[in-house]
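Enquirer: Dropping in final36.txt, with compact mmCIF, C-alpha atoms.
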```
# COMPACT_ATOMS: atom_id res chain seq x y z
CA MET A 1 19.91 27.07 69.93
CA SER A 2 22.68 25.99 72.33
CA SER A 3 25.78 28.15 72.66
CA ARG A 4 29.08 26.77 71.54
CA THR A 5 32.57 27.61 72.80
CA PRO A 6 34.55 29.58 70.12
CA ARG A 7 37.24 27.57 68.50
CA PRO A 8 40.85 28.53 69.19
CA TRP A 9 41.33 30.15 65.76
CA CYS A 10 38.22 32.26 66.36
CA ARG A 11 39.67 33.53 69.62
CA TRP A 12 42.90 34.41 67.81
CA LEU A 13 40.95 36.44 65.21
CA LEU A 14 39.09 38.31 67.94
CA ALA A 15 42.39 39.17 69.68
CA CYS A 16 43.88 40.49 66.46
CA ALA A 17 40.81 42.63 65.83
CA ALA A 18 41.02 44.07 69.33
CA PHE A 19 44.72 44.87 68.84
CA VAL A 20 44.03 46.66 65.56
CA CYS A 21 41.21 48.63 67.15
CA ALA A 22 43.44 49.68 70.04
CA GLY A 23 46.12 50.88 67.62
CA THR A 24 43.55 52.91 65.71
CA CYS A 25 42.31 54.54 68.90
CA ALA A 26 45.89 55.38 69.96
CA ALA A 27 46.53 57.02 66.61
CA ALA A 28 43.35 59.05 67.00
CA ALA A 29 44.63 60.29 70.39
CA SER A 30 48.04 61.36 69.00
CA PRO A 31 49.82 64.45 70.35
CA SER A 32 48.63 66.54 67.46
CA SER A 33 45.02 65.96 68.42
CA SER A 34 45.78 66.61 72.13
CA LYS A 35 46.68 70.18 71.24
CA GLN A 36 43.27 70.90 69.85
CA GLY A 37 41.52 73.68 71.77
CA ILE A 38 44.80 75.40 72.74
CA ALA A 39 45.05 79.03 71.63
CA TYR A 40 47.35 81.97 72.14
CA ARG A 41 46.79 85.63 72.93
CA TRP A 42 49.26 88.34 71.99
CA VAL A 43 49.40 92.08 71.39
CA ASP A 44 50.78 93.71 68.24
CA GLU A 45 52.75 96.96 67.92
CA GLN A 46 49.53 99.01 67.86
CA GLY A 47 48.29 97.48 71.11
CA VAL A 48 45.63 95.34 69.40
CA VAL A 49 44.97 92.00 71.10
CA HIS A 50 45.00 88.94 68.81
CA TYR A 51 43.96 85.31 69.29
CA GLY A 52 44.97 82.27 67.30
CA ASP A 53 46.01 78.63 67.38
CA HIS A 54 49.56 79.57 66.34
CA ILE A 55 51.88 82.53 66.81
CA PRO A 56 52.91 84.47 63.68
CA PRO A 57 56.70 84.43 63.20
CA GLN A 58 57.02 88.18 63.82
CA TYR A 59 55.49 87.72 67.30
CA ALA A 60 57.32 84.51 68.21
CA SER A 61 59.65 86.39 70.55
CA LYS A 62 56.94 88.58 72.11
CA GLU A 63 55.06 88.07 75.35
CA ARG A 64 51.95 85.88 74.94
CA ALA A 65 49.40 83.94 76.95
CA VAL A 66 48.33 80.31 76.48
CA LEU A 67 44.57 79.66 76.64
CA ASN A 68 42.64 76.40 76.99
CA ALA A 69 39.49 75.43 75.06
CA GLN A 70 37.37 77.50 77.46
CA GLY A 71 39.47 80.63 76.89
CA VAL A 72 41.04 80.48 80.35
CA GLU A 73 44.69 81.43 80.60
CA VAL A 74 46.69 78.36 81.59
CA GLY A 75 50.19 79.55 80.76
CA HIS A 76 52.30 82.59 80.08
CA LEU A 77 55.35 82.92 77.87
CA GLU A 78 57.68 85.80 78.55
CA ALA A 79 59.01 87.97 75.75
CA GLN A 80 62.54 87.32 74.57
CA LYS A 81 64.83 89.63 76.50
CA SER A 82 67.63 91.80 75.18
CA PRO A 83 71.20 91.13 76.36
CA GLU A 84 70.95 94.16 78.64
CA GLN A 85 67.68 92.90 80.19
CA ALA A 86 69.12 89.41 80.62
CA ALA A 87 72.21 90.85 82.32
CA ALA A 88 70.03 92.98 84.61
CA ASP A 89 67.96 89.92 85.55
CA ALA A 90 71.14 87.98 86.27
CA ARG A 91 72.38 90.76 88.55
CA GLU A 92 69.02 90.83 90.32
CA ARG A 93 69.10 87.07 90.89
CA GLU A 94 72.64 87.30 92.21
CA ALA A 95 71.65 90.12 94.57
CA GLN A 96 68.69 88.09 95.84
CA MET A 97 70.93 85.06 96.38
CA ARG A 98 73.42 87.16 98.35
CA GLN A 99 70.57 88.58 100.44
CA ARG A 100 69.29 85.07 101.24
CA GLN A 101 72.80 83.98 102.22
CA HIS A 102 73.24 87.04 104.44
CA ASP A 103 69.83 86.48 106.03
CA ALA A 104 70.85 82.92 106.86
CA PHE A 105 74.11 84.23 108.32
CA LEU A 106 72.27 86.72 110.54
CA ILE A 107 69.81 84.16 111.86
CA THR A 108 72.39 81.43 112.54
CA THR A 109 75.16 83.68 113.92
CA TYR A 110 73.39 86.03 116.33
CA THR A 111 71.01 85.23 119.15
CA SER A 112 69.93 88.82 119.77
CA VAL A 113 70.47 92.41 118.68
CA LYS A 114 72.89 92.81 121.58
CA ASP A 115 75.23 90.30 119.90
CA ILE A 116 75.32 92.45 116.76
CA GLU A 117 75.90 95.61 118.78
CA ALA A 118 78.73 93.96 120.72
CA LEU A 119 80.51 92.94 117.53
CA ARG A 120 79.94 96.41 116.08
CA ASP A 121 81.48 98.09 119.09
CA LEU A 122 84.46 95.71 118.97
CA ARG A 123 85.12 96.50 115.31
CA LEU A 124 84.71 100.21 115.90
CA ASP A 125 87.20 100.09 118.78
CA GLN A 126 89.71 98.40 116.48
CA LEU A 127 89.24 101.06 113.82
CA ARG A 128 89.48 103.85 116.35
CA GLY A 129 92.74 102.36 117.65
CA GLN A 130 94.17 102.26 114.14
CA ARG A 131 93.04 105.81 113.52
CA ALA A 132 94.58 107.02 116.79
CA ALA A 133 97.92 105.47 115.83
CA ALA A 134 97.71 107.06 112.37
CA GLU A 135 96.88 110.45 113.88
CA GLN A 136 99.84 110.17 116.23
CA TYR A 137 102.15 109.37 113.35
CA THR A 138 100.67 112.23 111.32
CA GLU A 139 101.40 114.61 114.18
CA SER A 140 105.02 113.44 114.26
CA LEU A 141 105.26 114.10 110.53
CA ARG A 142 103.94 117.60 111.01
CA THR A 143 106.55 118.25 113.71
CA ARG A 144 109.30 116.91 111.46
CA LEU A 145 108.07 119.05 108.55
CA ALA A 146 108.05 122.17 110.72
CA THR A 147 111.64 121.49 111.76
CA LEU A 148 112.74 120.96 108.17
CA GLN A 149 110.97 124.10 107.01
CA THR A 150 112.70 126.13 109.73
CA ARG A 151 116.03 124.69 108.67
CA ALA A 152 115.27 125.40 105.01
CA LEU A 153 114.94 129.10 105.79
CA ASN A 154 118.72 129.22 106.20
CA PHE A 155 119.30 128.24 102.57
CA GLN A 156 118.47 129.51 99.15
CA PRO A 157 115.89 130.14 97.81
CA TYR A 158 114.14 130.65 101.15
CA SER A 159 116.74 132.75 102.91
CA SER A 160 116.85 136.51 102.31
CA ARG A 161 120.57 136.73 103.09
CA PRO A 162 122.71 137.31 100.02
CA ASP A 163 125.42 134.96 101.30
CA ALA A 164 122.96 132.08 101.96
CA ARG A 165 124.18 128.71 100.68
CA ARG A 166 122.26 126.42 98.38
CA MET A 167 120.09 123.96 100.26
CA PRO A 168 121.91 120.65 100.81
CA ASP A 169 120.53 117.72 98.84
CA ASP A 170 119.77 115.64 101.92
CA VAL A 171 117.70 118.47 103.42
CA ALA A 172 115.77 118.98 100.18
CA GLU A 173 115.14 115.25 99.77
CA ASN A 174 114.01 114.89 103.37
CA LEU A 175 111.70 117.88 102.99
CA VAL A 176 110.07 116.52 99.83
CA ARG A 177 109.77 113.02 101.30
CA THR A 178 108.15 114.32 104.47
CA VAL A 179 105.63 116.43 102.55
CA ASN A 180 104.63 113.47 100.36
CA GLU A 181 104.38 111.12 103.31
CA LEU A 182 102.22 113.62 105.18
CA LYS A 183 99.84 113.87 102.20
CA ALA A 184 99.60 110.08 102.00
CA GLN A 185 98.94 109.83 105.71
CA ASP A 186 96.16 112.42 105.47
CA ARG A 187 94.53 110.34 102.74
CA ASP A 188 94.79 107.22 104.88
CA LEU A 189 93.14 109.03 107.78
CA ALA A 190 90.27 110.08 105.54
CA VAL A 191 89.88 106.44 104.44
CA LYS A 192 89.81 105.23 108.05
CA LEU A 193 87.14 107.76 108.94
CA GLN A 194 85.06 106.57 105.99
CA GLU A 195 85.55 102.96 107.11
CA GLU A 196 84.07 103.82 110.49
CA THR A 197 81.07 105.50 108.86
CA THR A 198 80.56 102.55 106.52
CA LEU A 199 80.91 100.04 109.34
CA ARG A 200 78.29 101.83 111.44
CA ALA A 201 75.88 101.86 108.49
CA GLN A 202 76.44 98.17 107.73
CA PHE A 203 75.84 97.09 111.30
CA GLN A 204 72.77 99.30 111.56
CA ALA A 205 71.39 97.67 108.40
CA ASP A 206 72.11 94.23 109.90
CA ILE A 207 70.29 95.17 113.09
CA GLU A 208 67.22 96.35 111.18
CA ARG A 209 67.25 93.28 108.94
CA TYR A 210 67.66 90.97 111.94
CA ARG A 211 64.63 92.52 113.61
CA ALA A 212 62.61 92.26 110.40
CA LEU A 213 63.51 88.58 109.98
CA HIS A 214 62.48 87.79 113.54
CA THR A 215 59.21 89.66 113.00
CA ILE A 216 58.52 87.57 109.88
CA HIS A 217 59.37 84.34 111.69
CA SER A 218 57.20 85.23 114.67
CA GLN A 219 54.24 85.88 112.38
```
Using structure tokens, write down the structure that the file contains.

Expert:
Amino acid sequence: MSSRTPRPWCRWLLACAAFVCAGTCAAAASPSSSKQGIAYRWVDEQGVVHYGDHIPPQYASKERAVLNAQGVEVGHLEAQKSPEQAAADAREREAQMRQRQHDAFLITTYTSVKDIEALRDLRLDQLRGQRAAAEQYTESLRTRLATLQTRALNFQPYSSRPDARRMPDDVAENLVRTVNELKAQDRDLAVKLQEETTLRAQFQADIERYRALHTIHSQ
């Protein structure tokens, strides 16, 4: 029997059949069927491990693992975090970001440890100069206070003489003002000393971090 070329309407029927078949195959490979073989693993309140193709509602916010058809873990879903945990994570991410920024600053700003030490010594000299000026002013306040206290001995209630006059208002005001200013200056001196200690610690931390970064880069 000799073969004959299919008529045009036959070819059209064959094309339609192929289109319908392709649509049926696509429906068979729908997303719902692609999830077959996926399972989850979770742990209940008693520490018992469970497996299943869906997570019970009471464990939807708990930590769980995603397994493929062979039982191999292919994903991990973290447990829903409390507001406190989320805030702590945010603070940790911010601290890490600041550390990365500071690391980049150290690497791009300094060429050696000597550069860091030179800047440290310059800052310390500035603080020591400020402290020396504050100490000099404090000493002048102490001298002024001693003079006022000696003068106050001539007036009531500090004088033992029965005819001693009441202390003049300007002397009393000056005495009180000097005492308060001296107390404030002593506090400022304590702050400046703490600034020097803090500055030394910060630069020492930068030196150690700079060396660590160069060690990491060299490796």

Enquirer: Between A:Val176, A:Ile107, A:Ile38, A:Ile55, which is the closest to Leu141 in chain A once you count all atoms listed in the file?

Expert: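 The closest residue to Leu141 in chain A is A:Val176.
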
Enquirer: List as an MDAnalysis selection string the protein and nucleic acid residues near range 132-140 of chain A, meaning an atom at most 9 Å away when only C-alpha atoms are counted, but skip any in the same chain fewer than 2 places from it.

Expert: chainID A and resid 127:130 142:145 181:182 185:186 188:189

Enquirer: With distances taken over all atoms listed in the file, which residue among A:Arg100, A:Arg120, A:His54, A:Arg41 lies nearest Val74 in chain A?

Expert: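 Nearest to Val74 in chain A: A:Arg41.
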
Enquirer: Might you pull out every residue within 10 Å of Pro168 in chain A, with only C-alpha atoms counted and same-chain residues fewer than 2 positions away left off, and present them as a ChimeraX atom specification?

Expert: /A:152,155-156,165-166,170-173

Enquirer: Which distance in Å separates CA of Glu196 in chain A and CA of Thr108 in chain A, to one decimal?

Expert: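 CA of Glu196 in chain A sits 25.3 Å away from CA of Thr108 in chain A.
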
Enquirer: How far is it from CA of Pro57 in chain A to CA of Tyr40 in chain A, in Å with one decimal?

Expert: 13.2 Å

Enquirer: Could you list, as a PyMOL selection string, every residue within 7 Å of range 199-215 of chain A, counting all atoms listed in the file and ignoring same-chain residues fewer than 3 positions away?

Expert: chain A and resi 106+113+116+120+195-196+218-219

Enquirer: How many Å separate CA of Thr197 in chain A from CA of His102 in chain A?

Expert: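 Here the two named atoms are 20.5 Å from each other.
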
Enquirer: For Thr178 in chain A, which residue among A:Leu148, A:Asp53, A:Ser112, A:Gln70 is the nearest when counting all atoms listed in the file?

Expert: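 Checking each candidate against Thr178 in chain A, we get A:Leu148 as the closest.
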
Enquirer: From the options A:Ala164, A:Leu67, A:Glu92, A:Leu124, which residue's atoms come nearest to Gln194 in chain A, counting all atoms listed in the file?

Expert: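 The shortest atom-to-atom distance to Gln194 in chain A comes from A:Leu124.
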
Enquirer: For a quick check of understanding, using only C-alpha atoms, which of A:Asn174, A:Val191, A:Lys62, A:Gln101 has the smallest distance to Lys81 in chain A?

Expert: A:Lys62

Enquirer: Could you check which of A:Ala60, A:Gln99, A:Gln126, A:Arg93 is closest to Gln80 in chain A, using all atoms listed in the file?

Expert: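 For Gln80 in chain A, the nearest of the given residues is A:Ala60.
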